[in-house]
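structure_35.txt follows (compact mmCIF, C-alpha atoms):
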```txt
# COMPACT_ATOMS: atom_id res chain seq x y z
CA MET M 7 0.00 0.00 0.00
CA GLU M 8 1.88 2.99 -1.34
CA MET M 9 0.52 5.58 1.11
CA LEU M 10 1.82 3.50 4.02
CA ARG M 11 5.19 2.84 2.39
CA GLN M 12 5.68 6.56 1.83
CA LYS M 13 4.88 7.24 5.46
CA ILE M 14 7.33 4.55 6.57
CA ARG M 15 10.07 6.01 4.34
CA GLN M 16 9.43 9.50 5.72
CA CYS M 17 8.87 8.73 9.39
CA CYS M 18 10.18 5.36 10.52
CA LEU M 19 13.33 5.23 12.56
CA VAL M 20 15.45 2.10 12.38
CA GLU M 21 16.98 1.29 15.73
CA LYS M 22 19.32 -1.36 17.03
CA ASP M 23 18.41 -4.98 16.34
CA GLY M 24 16.08 -4.06 13.51
CA VAL M 25 13.51 -2.43 15.78
CA LEU M 26 11.38 0.01 13.81
CA ARG M 27 9.93 3.03 15.53
CA ALA M 28 6.65 4.13 14.03
CA ASP M 29 5.62 6.34 16.97
CA GLY M 30 4.87 9.34 14.81
CA PHE M 31 2.03 7.86 12.75
CA LEU M 32 1.19 4.31 13.88
CA ASN M 33 1.40 3.51 17.56
CA HIS M 34 1.69 6.61 19.71
CA GLN M 35 0.55 9.44 17.49
CA LEU M 36 -1.91 7.98 14.97
CA ASP M 37 -2.24 9.53 11.51
CA MET M 38 -5.97 9.08 11.12
CA GLU M 39 -6.03 9.82 7.39
CA LEU M 40 -3.59 6.96 6.95
CA TYR M 41 -5.59 4.82 9.39
CA ASP M 42 -8.76 5.47 7.44
CA ALA M 43 -7.06 4.41 4.21
CA MET M 44 -5.54 1.33 5.86
CA GLY M 45 -8.89 0.31 7.35
CA ARG M 46 -10.62 0.72 4.00
CA GLU M 47 -7.95 -1.37 2.26
CA LEU M 48 -8.08 -4.18 4.85
CA ALA M 49 -11.89 -4.23 4.60
CA ARG M 50 -11.55 -4.52 0.80
CA ARG M 51 -9.02 -7.36 1.03
CA PHE M 52 -11.15 -9.37 3.46
CA ALA M 53 -14.54 -8.69 1.87
CA GLY M 54 -16.90 -11.61 1.14
CA LYS M 55 -15.59 -13.90 3.86
CA GLY M 56 -18.51 -13.50 6.23
CA ILE M 57 -16.32 -11.97 8.92
CA ASN M 58 -18.48 -10.83 11.84
CA LYS M 59 -15.88 -9.86 14.46
CA ILE M 60 -12.43 -8.30 14.72
CA LEU M 61 -10.01 -9.43 17.41
CA THR M 62 -6.93 -7.46 18.42
CA VAL M 63 -4.79 -6.94 21.50
CA GLU M 64 -4.37 -3.77 23.52
CA ALA M 65 -3.13 -1.19 23.05
CA SER M 66 -1.70 -0.33 19.65
CA GLY M 67 -3.91 -2.69 17.63
CA ILE M 68 -7.15 -1.08 18.79
CA GLY M 69 -7.15 1.93 16.48
CA LEU M 70 -6.69 -0.06 13.27
CA ALA M 71 -9.18 -2.69 14.45
CA CYS M 72 -11.83 -0.01 15.03
CA VAL M 73 -11.31 1.78 11.74
CA THR M 74 -11.31 -1.51 9.81
CA ALA M 75 -14.51 -2.56 11.63
CA LEU M 76 -16.22 0.67 10.54
CA HIS M 77 -15.25 -0.06 6.94
CA MET M 78 -16.67 -3.57 7.33
CA GLY M 79 -20.10 -2.23 8.23
CA GLY M 80 -19.65 -1.66 11.95
CA ILE M 81 -18.90 -5.22 13.10
CA PRO M 82 -17.82 -5.48 16.76
CA VAL M 83 -14.20 -5.29 17.88
CA VAL M 84 -12.88 -7.32 20.80
CA PHE M 85 -9.53 -6.43 22.25
CA ALA M 86 -7.68 -8.97 24.35
CA LYS M 87 -6.36 -7.50 27.57
CA LYS M 88 -2.81 -7.92 28.73
CA ASN M 89 -2.59 -9.70 32.05
CA ARG M 90 -5.73 -10.55 33.84
CA SER M 91 -7.93 -7.90 35.32
CA SER M 92 -9.41 -8.69 38.71
CA ARG M 93 -12.70 -7.39 37.34
CA MET M 94 -12.94 -9.85 34.47
CA GLY M 95 -14.24 -12.79 36.48
CA SER M 96 -13.12 -16.37 36.02
CA GLU M 97 -14.76 -17.03 32.67
CA VAL M 98 -11.91 -16.10 30.37
CA TYR M 99 -9.75 -17.54 27.62
CA THR M 100 -6.04 -17.01 28.22
CA ALA M 101 -2.89 -17.42 26.13
CA LYS M 102 0.74 -16.51 26.71
CA VAL M 103 2.75 -14.03 24.60
CA SER M 104 6.53 -13.82 24.64
CA SER M 105 7.12 -10.33 23.31
CA TYR M 106 9.99 -9.78 20.92
CA THR M 107 10.10 -6.02 21.40
CA ASN M 108 10.14 -5.87 25.18
CA GLY M 109 11.66 -9.24 26.05
CA VAL M 110 8.91 -10.01 28.53
CA SER M 111 6.15 -12.61 28.72
CA TYR M 112 2.56 -11.84 29.58
CA ASP M 113 -0.88 -13.35 29.30
CA ILE M 114 -3.61 -12.04 27.04
CA VAL M 115 -7.17 -12.58 28.08
CA VAL M 116 -10.62 -12.44 26.49
CA ALA M 117 -13.83 -12.91 28.47
CA LYS M 118 -15.65 -15.97 27.12
CA PRO M 119 -18.92 -14.27 26.14
CA TYR M 120 -17.09 -12.20 23.52
CA LEU M 121 -15.74 -15.10 21.46
CA GLN M 122 -18.40 -17.57 20.37
CA ALA M 123 -18.16 -20.78 18.35
CA GLU M 124 -20.13 -19.22 15.47
CA ASP M 125 -17.80 -16.21 15.18
CA ARG M 126 -15.80 -15.75 12.00
CA VAL M 127 -12.90 -13.67 13.17
CA LEU M 128 -10.38 -11.32 11.57
CA ILE M 129 -7.26 -10.64 13.64
CA ILE M 130 -5.88 -7.12 13.24
CA ASP M 131 -2.61 -5.73 14.59
CA ASP M 132 -0.25 -2.86 13.85
CA PHE M 133 2.99 -4.87 13.58
CA LEU M 134 3.82 -8.46 12.70
CA ALA M 135 7.33 -9.53 13.74
CA ASN M 136 7.81 -12.98 15.26
CA GLY M 137 4.07 -13.46 15.33
CA LYS M 138 3.79 -14.17 19.05
CA SER M 139 0.78 -11.89 19.55
CA VAL M 140 -1.06 -13.26 16.53
CA GLN M 141 -0.36 -16.86 17.57
CA ALA M 142 -1.76 -16.12 21.03
CA LEU M 143 -4.87 -14.46 19.54
CA LYS M 144 -5.24 -17.49 17.25
CA ALA M 145 -5.14 -19.74 20.32
CA LEU M 146 -7.95 -17.74 21.96
CA ILE M 147 -10.05 -18.19 18.81
CA GLN M 148 -9.36 -21.93 18.85
CA PHE M 149 -10.27 -22.21 22.55
CA ALA M 150 -13.64 -20.63 21.72
CA GLY M 151 -14.21 -22.97 18.79
CA ALA M 152 -14.52 -19.93 16.51
CA THR M 153 -13.13 -19.65 12.98
CA LEU M 154 -10.07 -17.59 12.07
CA GLU M 155 -10.81 -16.06 8.66
CA GLY M 156 -7.62 -14.07 8.29
CA VAL M 157 -4.98 -11.75 9.70
CA GLY M 158 -4.63 -8.09 8.70
CA ILE M 159 -1.45 -6.20 9.57
CA ALA M 160 -0.17 -2.70 8.92
CA ILE M 161 3.59 -3.37 8.88
CA GLU M 162 5.13 -6.83 8.58
CA LYS M 163 8.81 -7.28 9.29
CA GLY M 164 9.51 -9.73 6.50
CA TYR M 165 12.95 -10.56 7.91
CA LEU M 166 11.34 -12.11 10.98
CA PRO M 167 9.41 -15.39 10.84
CA GLY M 168 5.88 -14.33 11.93
CA GLY M 169 4.46 -13.84 8.44
CA LYS M 170 6.18 -16.85 6.92
CA ASP M 171 4.81 -19.08 9.68
CA LEU M 172 1.23 -17.88 9.16
CA ARG M 173 1.46 -18.33 5.37
CA ARG M 174 2.85 -21.84 5.82
CA GLU M 175 -0.14 -22.62 8.06
CA GLY M 176 -2.41 -21.54 5.20
CA ILE M 177 -3.86 -18.58 7.10
CA PRO M 178 -4.89 -15.69 4.83
CA LEU M 179 -2.50 -12.91 5.78
CA GLU M 180 -2.64 -9.39 4.39
CA SER M 181 0.17 -7.03 5.38
CA LEU M 182 -0.16 -3.51 3.99
CA ALA M 183 3.61 -3.08 3.91
CA ILE M 184 6.26 -5.78 4.16
CA ILE M 185 9.75 -4.67 5.08
CA ASP M 186 12.43 -7.08 3.99
CA ARG M 187 15.38 -5.13 5.30
CA ALA M 188 15.89 -2.26 7.73
CA ASP M 189 19.50 -1.13 7.85
CA GLU M 190 20.37 0.29 11.25
CA GLN M 191 23.53 1.91 9.87
CA THR M 192 22.05 3.82 6.94
CA GLY M 193 18.38 3.84 8.03
CA GLU M 194 17.50 2.44 4.61
CA ILE M 195 14.28 0.42 4.42
CA THR M 196 13.69 -2.15 1.67
CA PHE M 197 10.13 -3.22 0.89
CA ARG M 198 9.00 -6.51 -0.56
CA ASP M 199 7.74 -5.85 -4.06
CA PHE M 200 4.15 -7.00 -3.86
CA SER M 201 3.31 -5.50 -0.50
CA MET I 403 -27.54 10.36 23.90
CA GLU I 404 -30.46 7.94 23.82
CA MET I 405 -28.69 5.15 21.90
CA LEU I 406 -25.99 4.98 24.56
CA ARG I 407 -28.47 5.14 27.45
CA GLN I 408 -30.41 2.23 25.97
CA LYS I 409 -27.25 0.21 25.66
CA ILE I 410 -26.30 1.00 29.26
CA ARG I 411 -29.76 -0.05 30.45
CA GLN I 412 -29.56 -3.30 28.49
CA CYS I 413 -25.94 -4.26 29.09
CA CYS I 414 -24.33 -2.52 32.05
CA LEU I 415 -23.77 -4.51 35.21
CA VAL I 416 -23.63 -2.63 38.49
CA GLU I 417 -21.08 -4.12 40.84
CA LYS I 418 -19.95 -3.41 44.35
CA ASP I 419 -18.94 0.15 45.20
CA GLY I 420 -20.80 1.55 42.20
CA VAL I 421 -18.42 0.06 39.66
CA LEU I 422 -20.12 -0.23 36.28
CA ARG I 423 -19.14 -3.00 33.92
CA ALA I 424 -19.53 -2.03 30.31
CA ASP I 425 -17.38 -4.86 28.93
CA GLY I 426 -19.97 -5.97 26.42
CA PHE I 427 -20.11 -2.80 24.32
CA LEU I 428 -17.59 -0.21 25.53
CA ASN I 429 -14.25 -1.41 26.81
CA HIS I 430 -13.59 -5.05 25.97
CA GLN I 431 -16.04 -5.86 23.20
CA LEU I 432 -16.72 -2.62 21.31
CA ASP I 433 -20.09 -2.08 19.63
CA MET I 434 -18.82 -0.23 16.57
CA GLU I 435 -22.25 0.98 15.45
CA LEU I 436 -22.58 2.65 18.84
CA TYR I 437 -18.98 3.88 18.62
CA ASP I 438 -19.65 5.41 15.21
CA ALA I 439 -22.70 7.23 16.58
CA MET I 440 -20.80 8.40 19.66
CA GLY I 441 -17.89 9.66 17.58
CA ARG I 442 -20.23 11.55 15.26
CA GLU I 443 -22.03 13.12 18.21
CA LEU I 444 -18.80 14.19 19.95
CA ALA I 445 -17.53 15.68 16.68
CA ARG I 446 -20.79 17.62 16.37
CA ARG I 447 -20.60 18.92 19.94
CA PHE I 448 -17.00 20.11 19.56
CA ALA I 449 -17.29 21.48 16.02
CA GLY I 450 -16.00 24.98 15.26
CA LYS I 451 -13.38 25.09 18.01
CA GLY I 452 -10.36 24.63 15.78
CA ILE I 453 -9.45 21.34 17.44
CA ASN I 454 -6.50 19.75 15.62
CA LYS I 455 -5.60 16.82 17.86
CA ILE I 456 -7.26 14.25 20.11
CA LEU I 457 -5.51 13.03 23.24
CA THR I 458 -6.49 9.90 25.13
CA VAL I 459 -4.87 7.24 27.28
CA GLU I 460 -4.41 3.58 26.53
CA ALA I 461 -6.20 1.30 26.23
CA SER I 462 -9.96 1.75 26.40
CA GLY I 463 -10.00 5.39 25.26
CA ILE I 464 -8.31 4.65 21.94
CA GLY I 465 -11.34 3.35 20.04
CA LEU I 466 -13.56 6.33 20.77
CA ALA I 467 -10.68 8.74 20.15
CA CYS I 468 -10.07 7.22 16.70
CA VAL I 469 -13.72 7.19 15.64
CA THR I 470 -14.23 10.78 16.85
CA ALA I 471 -11.08 11.84 14.98
CA LEU I 472 -12.45 10.36 11.75
CA HIS I 473 -15.66 12.35 12.22
CA MET I 474 -13.56 15.47 12.79
CA GLY I 475 -11.93 15.15 9.38
CA GLY I 476 -9.11 12.74 10.22
CA ILE I 477 -7.19 14.80 12.79
CA PRO I 478 -4.40 12.87 14.54
CA VAL I 479 -4.91 10.92 17.76
CA VAL I 480 -2.22 10.69 20.42
CA PHE I 481 -2.58 8.12 23.13
CA ALA I 482 -0.64 8.51 26.35
CA LYS I 483 1.10 5.31 27.39
CA LYS I 484 0.86 3.86 30.85
CA ASN I 485 4.23 3.61 32.53
CA ARG I 486 7.26 4.52 30.60
CA SER I 487 8.46 2.44 27.73
CA SER I 488 12.20 1.94 27.48
CA ARG I 489 11.83 2.68 23.76
CA MET I 490 10.34 6.14 24.20
CA GLY I 491 13.57 7.99 24.88
CA SER I 492 13.99 10.70 27.47
CA GLU I 493 12.00 13.42 25.76
CA VAL I 494 8.62 12.81 27.32
CA TYR I 495 5.93 14.54 29.34
CA THR I 496 4.81 12.55 32.37
CA ALA I 497 1.95 12.79 34.86
CA LYS I 498 0.73 10.52 37.63
CA VAL I 499 -2.70 8.86 37.74
CA SER I 500 -4.22 7.35 40.88
CA SER I 501 -6.80 4.97 39.45
CA TYR I 502 -10.15 4.68 41.18
CA THR I 503 -11.08 1.41 39.53
CA ASN I 504 -7.92 -0.55 40.21
CA GLY I 505 -6.60 1.19 43.31
CA VAL I 506 -3.13 1.58 41.82
CA SER I 507 -1.01 4.53 40.75
CA TYR I 508 0.85 4.76 37.48
CA ASP I 509 2.47 7.31 35.22
CA ILE I 510 1.14 8.27 31.83
CA VAL I 511 3.59 9.44 29.23
CA VAL I 512 3.53 11.29 25.90
CA ALA I 513 6.63 11.81 23.77
CA LYS I 514 7.24 15.55 23.44
CA PRO I 515 7.08 15.78 19.64
CA TYR I 516 3.41 14.75 19.71
CA LEU I 517 2.13 17.61 21.85
CA GLN I 518 3.08 21.05 20.56
CA ALA I 519 2.37 24.53 21.92
CA GLU I 520 0.14 25.33 18.94
CA ASP I 521 -2.05 22.25 19.42
CA ARG I 522 -5.72 22.72 20.31
CA VAL I 523 -6.54 19.48 22.00
CA LEU I 524 -9.70 17.50 22.71
CA ILE I 525 -9.38 14.88 25.45
CA ILE I 526 -11.47 11.75 24.86
CA ASP I 527 -12.06 8.86 27.25
CA ASP I 528 -14.60 6.09 27.74
CA PHE I 529 -15.40 6.70 31.43
CA LEU I 530 -15.22 9.74 33.69
CA ALA I 531 -15.32 8.89 37.39
CA ASN I 532 -13.03 10.77 39.77
CA GLY I 533 -11.34 12.43 36.82
CA LYS I 534 -7.81 11.29 37.63
CA SER I 535 -7.00 10.26 34.05
CA VAL I 536 -8.40 13.45 32.57
CA GLN I 537 -6.54 15.60 35.10
CA ALA I 538 -3.29 13.83 34.21
CA LEU I 539 -3.93 14.29 30.47
CA LYS I 540 -4.70 17.95 31.18
CA ALA I 541 -1.35 18.25 32.94
CA LEU I 542 0.46 16.82 29.88
CA ILE I 543 -1.26 19.42 27.69
CA GLN I 544 -0.20 22.17 30.09
CA PHE I 545 3.41 20.94 30.16
CA ALA I 546 3.45 21.22 26.35
CA GLY I 547 1.98 24.73 26.43
CA ALA I 548 -0.89 23.48 24.26
CA THR I 549 -4.55 24.46 24.66
CA LEU I 550 -7.22 22.20 26.10
CA GLU I 551 -10.38 22.87 24.08
CA GLY I 552 -12.62 20.33 25.77
CA VAL I 553 -13.22 16.88 27.17
CA GLY I 554 -15.49 14.29 25.53
CA ILE I 555 -16.63 11.25 27.50
CA ALA I 556 -18.89 8.30 26.78
CA ILE I 557 -20.15 7.56 30.32
CA GLU I 558 -19.80 9.96 33.23
CA LYS I 559 -20.47 8.71 36.73
CA GLY I 560 -22.29 11.78 37.97
CA TYR I 561 -22.13 10.59 41.57
CA LEU I 562 -18.35 10.92 41.53
CA PRO I 563 -16.59 14.29 41.45
CA GLY I 564 -14.65 14.14 38.14
CA GLY I 565 -17.25 15.90 36.00
CA LYS I 566 -18.18 18.46 38.65
CA ASP I 567 -14.51 19.41 39.08
CA LEU I 568 -14.00 19.93 35.34
CA ARG I 569 -17.17 22.04 35.02
CA ARG I 570 -16.09 24.16 37.98
CA GLU I 571 -12.76 24.75 36.24
CA GLY I 572 -14.70 26.03 33.23
CA ILE I 573 -13.53 23.25 30.93
CA PRO I 574 -16.07 22.37 28.22
CA LEU I 575 -17.14 18.84 29.10
CA GLU I 576 -19.50 16.72 27.02
CA SER I 577 -20.55 13.38 28.48
CA LEU I 578 -22.82 11.34 26.23
CA ALA I 579 -24.49 9.72 29.23
CA ILE I 580 -24.37 10.87 32.85
CA ILE I 581 -25.33 8.32 35.46
CA ASP I 582 -26.48 9.87 38.74
CA ARG I 583 -27.15 6.64 40.55
CA ALA I 584 -26.27 2.98 40.07
CA ASP I 585 -27.94 0.76 42.63
CA GLU I 586 -25.86 -2.30 43.36
CA GLN I 587 -28.84 -4.05 45.01
CA THR I 588 -31.43 -3.65 42.26
CA GLY I 589 -29.10 -2.94 39.33
CA GLU I 590 -31.18 0.14 38.56
CA ILE I 591 -29.42 2.97 36.76
CA THR I 592 -30.65 6.56 36.98
CA PHE I 593 -29.55 9.03 34.29
CA ARG I 594 -29.21 12.77 34.63
CA ASP I 595 -31.94 14.37 32.55
CA PHE I 596 -29.96 16.42 30.08
CA SER I 597 -27.29 13.87 29.30
```
Do you think you could lay out the structure here as structure tokens?
Amino acid sequence: MEMLRQKIRQCCLVEKDGVLRADGFLNHQLDMELYDAMGRELARRFAGKGINKILTVEASGIGLACVTALHMGGIPVVFAKKNRSSRMGSEVYTAKVSSYTNGVSYDIVVAKPYLQAEDRVLIIDDFLANGKSVQALKALIQFAGATLEGVGIAIEKGYLPGGKDLRREGIPLESLAIIDRADEQTGEITFRDFS
Amino acid sequence: MEMLRQKIRQCCLVEKDGVLRADGFLNHQLDMELYDAMGRELARRFAGKGINKILTVEASGIGLACVTALHMGGIPVVFAKKNRSSRMGSEVYTAKVSSYTNGVSYDIVVAKPYLQAEDRVLIIDDFLANGKSVQALKALIQFAGATLEGVGIAIEKGYLPGGKDLRREGIPLESLAIIDRADEQTGEITFRDFS
């Protein structure tokens, strides 16, 4: 998606260990014109699949999940919570995430009433790196007996295995920009052609 | 806003100590048709004020902030992060929040580039109770030398002092539903007339 690639070229900082900072438009300050375009594009790519719910994880996936949901006719969004809230009760699905970015593990939790066996679910997130978050969200969907219809991502780090793993599993994955190389010396970012 | 009041009547659970659970439509599963209507209504109420940025705090304020921003022409959203991320650098504004709901204190943080002196800011959040989050967001805006143009809330707990304090300070506050009483015995919810 060219609008997103341009924004990445203009605004992304490449840090040590291939960490990309997209604070200025994606996950701290949110460029809502870009978000609107990304949500519209994800809705277009996943049209006709009977998707009736979007699942994401707090916090930085929520914005894109909401905008995409609006472009899909106002279907509900569920966001998994990190760690377990004392107010959530005992009726929850839980899965563990080992975060690549922060080097910490945590649980994500969804209250059972909000994932049902008849749900056809689209997972949305801002970044796909090693795929730990998406795999945990996928586990929650499986626990509920619901159907995973696809995964929609803003920026995939193509040099990390998350996307490759999902494609090998046969899960429809749409990443609006795939970065194959991010050079921490020069700051140069190389995109995969078809992204 | 009648649509929101209906939803609260149908779906809100009143728990001990007047805690309202709105998990089913507001802050875990998000009813995006309701969100779209709430965002449109907040945009209408704050039209003509030259607002160029929306500020909220992760996680449950992000959805409403994004939808409102779309209805305000796609202005950017900034969400303050809870606790300080090691990846945010040293150039941040910080304020402390003592949470009513969880009984814990934490810092909220915005990177300095995303709040500028010329910004005219609308604060958005899902709930207003004692107003601790909003007061901390207000402090961040003050640190940046920016202008607070108003505060937009989905559900205000009118029996707690957050809203009263903001009105006394002369800050334009729009709450889409104000609850004056939530009876934990009967589950009955009483709305303020004009909300």
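Of the listed residues (I:Asp521, I:Gly420, I:Arg570, I:Met403), I:Gly420 comes nearest to Asp585 of chain I; the distances count only C-alpha atoms.
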Distance table requested - segment 26-101 of chain M against segment 135-141 of chain M, cut-off 12 Å, all atoms listed in the file: one row per qualifying residue with the closest atom pair and its distance in Å to one decimal, ordered by chain and rising residue number, as a tab-separated table.
```
residue	atom	partner	partner_atom	distance
M:Leu26	CA	M:Ala135	CA	10.4
M:Leu61	CA	M:Val140	CA	9.8
M:Thr62	CA	M:Val140	CA	8.5
M:Val63	CA	M:Ser139	CA	7.7
M:Glu64	CA	M:Ser139	CA	10.4
M:Ala65	CA	M:Ser139	CA	11.9
M:Ser66	CA	M:Ser139	CA	11.8
M:Gly67	CA	M:Ser139	CA	10.5
M:Phe85	CA	M:Ser139	CA	12.0
M:Ala86	CA	M:Ser139	CA	10.2
M:Lys87	CA	M:Ser139	CA	11.6
M:Lys88	CA	M:Ser139	CA	10.6
M:Ala101	CA	M:Gln141	CA	8.9
```
Would you mind reading off the distance between atom CA of Ala142 of chain M and atom CA of Gln431 of chain I, one decimal, in Å? 17.7 Å
Quick one: contact table of chain M to chain I, 7 Å max, nearest atom pair and distance in Å to one decimal per residue, counting all atoms listed in the file, chain and number order, as JSON lines?
```
{"residue": "M:His34", "atom": "CA", "partner": "I:Phe481", "partner_atom": "CA", "distance": 5.7}
{"residue": "M:Gln35", "atom": "CA", "partner": "I:Val480", "partner_atom": "CA", "distance": 4.2}
{"residue": "M:Leu36", "atom": "CA", "partner": "I:Val479", "partner_atom": "CA", "distance": 5.0}
{"residue": "M:Asp37", "atom": "CA", "partner": "I:Pro478", "partner_atom": "CA", "distance": 5.0}
{"residue": "M:Met38", "atom": "CA", "partner": "I:Gly476", "partner_atom": "CA", "distance": 4.9}
{"residue": "M:Glu39", "atom": "CA", "partner": "I:Gly476", "partner_atom": "CA", "distance": 5.1}
{"residue": "M:Glu64", "atom": "CA", "partner": "I:Ala461", "partner_atom": "CA", "distance": 6.0}
{"residue": "M:Ala65", "atom": "CA", "partner": "I:Ala461", "partner_atom": "CA", "distance": 5.1}
{"residue": "M:Ile68", "atom": "CA", "partner": "I:Gly465", "partner_atom": "CA", "distance": 6.2}
{"residue": "M:Gly69", "atom": "CA", "partner": "I:Gly465", "partner_atom": "CA", "distance": 5.7}
{"residue": "M:Cys72", "atom": "CA", "partner": "I:Gly465", "partner_atom": "CA", "distance": 6.1}
{"residue": "M:Ala75", "atom": "CA", "partner": "I:Met434", "partner_atom": "CA", "distance": 7.0}
{"residue": "M:Leu76", "atom": "CA", "partner": "I:Met434", "partner_atom": "CA", "distance": 6.6}
{"residue": "M:Gly80", "atom": "CA", "partner": "I:Met434", "partner_atom": "CA", "distance": 4.9}
{"residue": "M:Ile81", "atom": "CA", "partner": "I:Met434", "partner_atom": "CA", "distance": 6.1}
{"residue": "M:Pro82", "atom": "CA", "partner": "I:Asp433", "partner_atom": "CA", "distance": 5.0}
{"residue": "M:Val83", "atom": "CA", "partner": "I:Leu432", "partner_atom": "CA", "distance": 5.0}
{"residue": "M:Val84", "atom": "CA", "partner": "I:Gln431", "partner_atom": "CA", "distance": 4.2}
{"residue": "M:Phe85", "atom": "CA", "partner": "I:His430", "partner_atom": "CA", "distance": 5.7}
{"residue": "M:Tyr120", "atom": "CA", "partner": "I:Gln431", "partner_atom": "CA", "distance": 6.4}
```
Generate a file of the selected residues that holds C-alpha atoms, formatted as a PDB file, in the frame of the given file.
```pdb
ATOM      1  CA  HIS M  34       1.690   6.610  19.710  1.00  0.00           C
ATOM      2  CA  GLN M  35       0.550   9.440  17.490  1.00  0.00           C
ATOM      3  CA  LEU M  36      -1.910   7.980  14.970  1.00  0.00           C
ATOM      4  CA  ASP M  37      -2.240   9.530  11.510  1.00  0.00           C
ATOM      5  CA  MET M  38      -5.970   9.080  11.120  1.00  0.00           C
ATOM      6  CA  GLU M  39      -6.030   9.820   7.390  1.00  0.00           C
ATOM      7  CA  GLU M  64      -4.370  -3.770  23.520  1.00  0.00           C
ATOM      8  CA  ALA M  65      -3.130  -1.190  23.050  1.00  0.00           C
ATOM      9  CA  ILE M  68      -7.150  -1.080  18.790  1.00  0.00           C
ATOM     10  CA  GLY M  69      -7.150   1.930  16.480  1.00  0.00           C
ATOM     11  CA  CYS M  72     -11.830  -0.010  15.030  1.00  0.00           C
ATOM     12  CA  ALA M  75     -14.510  -2.560  11.630  1.00  0.00           C
ATOM     13  CA  LEU M  76     -16.220   0.670  10.540  1.00  0.00           C
ATOM     14  CA  GLY M  80     -19.650  -1.660  11.950  1.00  0.00           C
ATOM     15  CA  ILE M  81     -18.900  -5.220  13.100  1.00  0.00           C
ATOM     16  CA  PRO M  82     -17.820  -5.480  16.760  1.00  0.00           C
ATOM     17  CA  VAL M  83     -14.200  -5.290  17.880  1.00  0.00           C
ATOM     18  CA  VAL M  84     -12.880  -7.320  20.800  1.00  0.00           C
ATOM     19  CA  PHE M  85      -9.530  -6.430  22.250  1.00  0.00           C
ATOM     20  CA  TYR M 120     -17.090 -12.200  23.520  1.00  0.00           C
TER      21      TYR M 120
END
```
One number please: atom CA of Glu558 of chain I to atom CA of Phe529 of chain I, in Å, one decimal.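 Straight-line distance from atom CA of Glu558 of chain I to atom CA of Phe529 of chain I works out to 5.8 Å.
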Would you please work out which residue, of I:Glu404, I:Glu551, I:Asp527, I:Asp595, is nearest to Asn454 of chain I when using only C-alpha atoms? I:Glu551
Could you list, as an MDAnalysis selection string, every residue within 12 Å of segment 177-179 of chain M, counting all atoms listed in the file and ignoring same-chain residues fewer than 6 positions away? chainID M and resid 48 51:52 55 127:131 134 137 140:141 144 153:162 168:171 201
Spatial neighbours of Leu406 of chain I, max dist 8 Å, all atoms listed in the file, sep filter under 4 positions, as a PyMOL selection string: chain I and resi 410+436+440+578-579
Between atom CA of Gly109 of chain M and atom CA of Cys18 of chain M, distance in Å (one decimal):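 It comes out at 21.4 Å.
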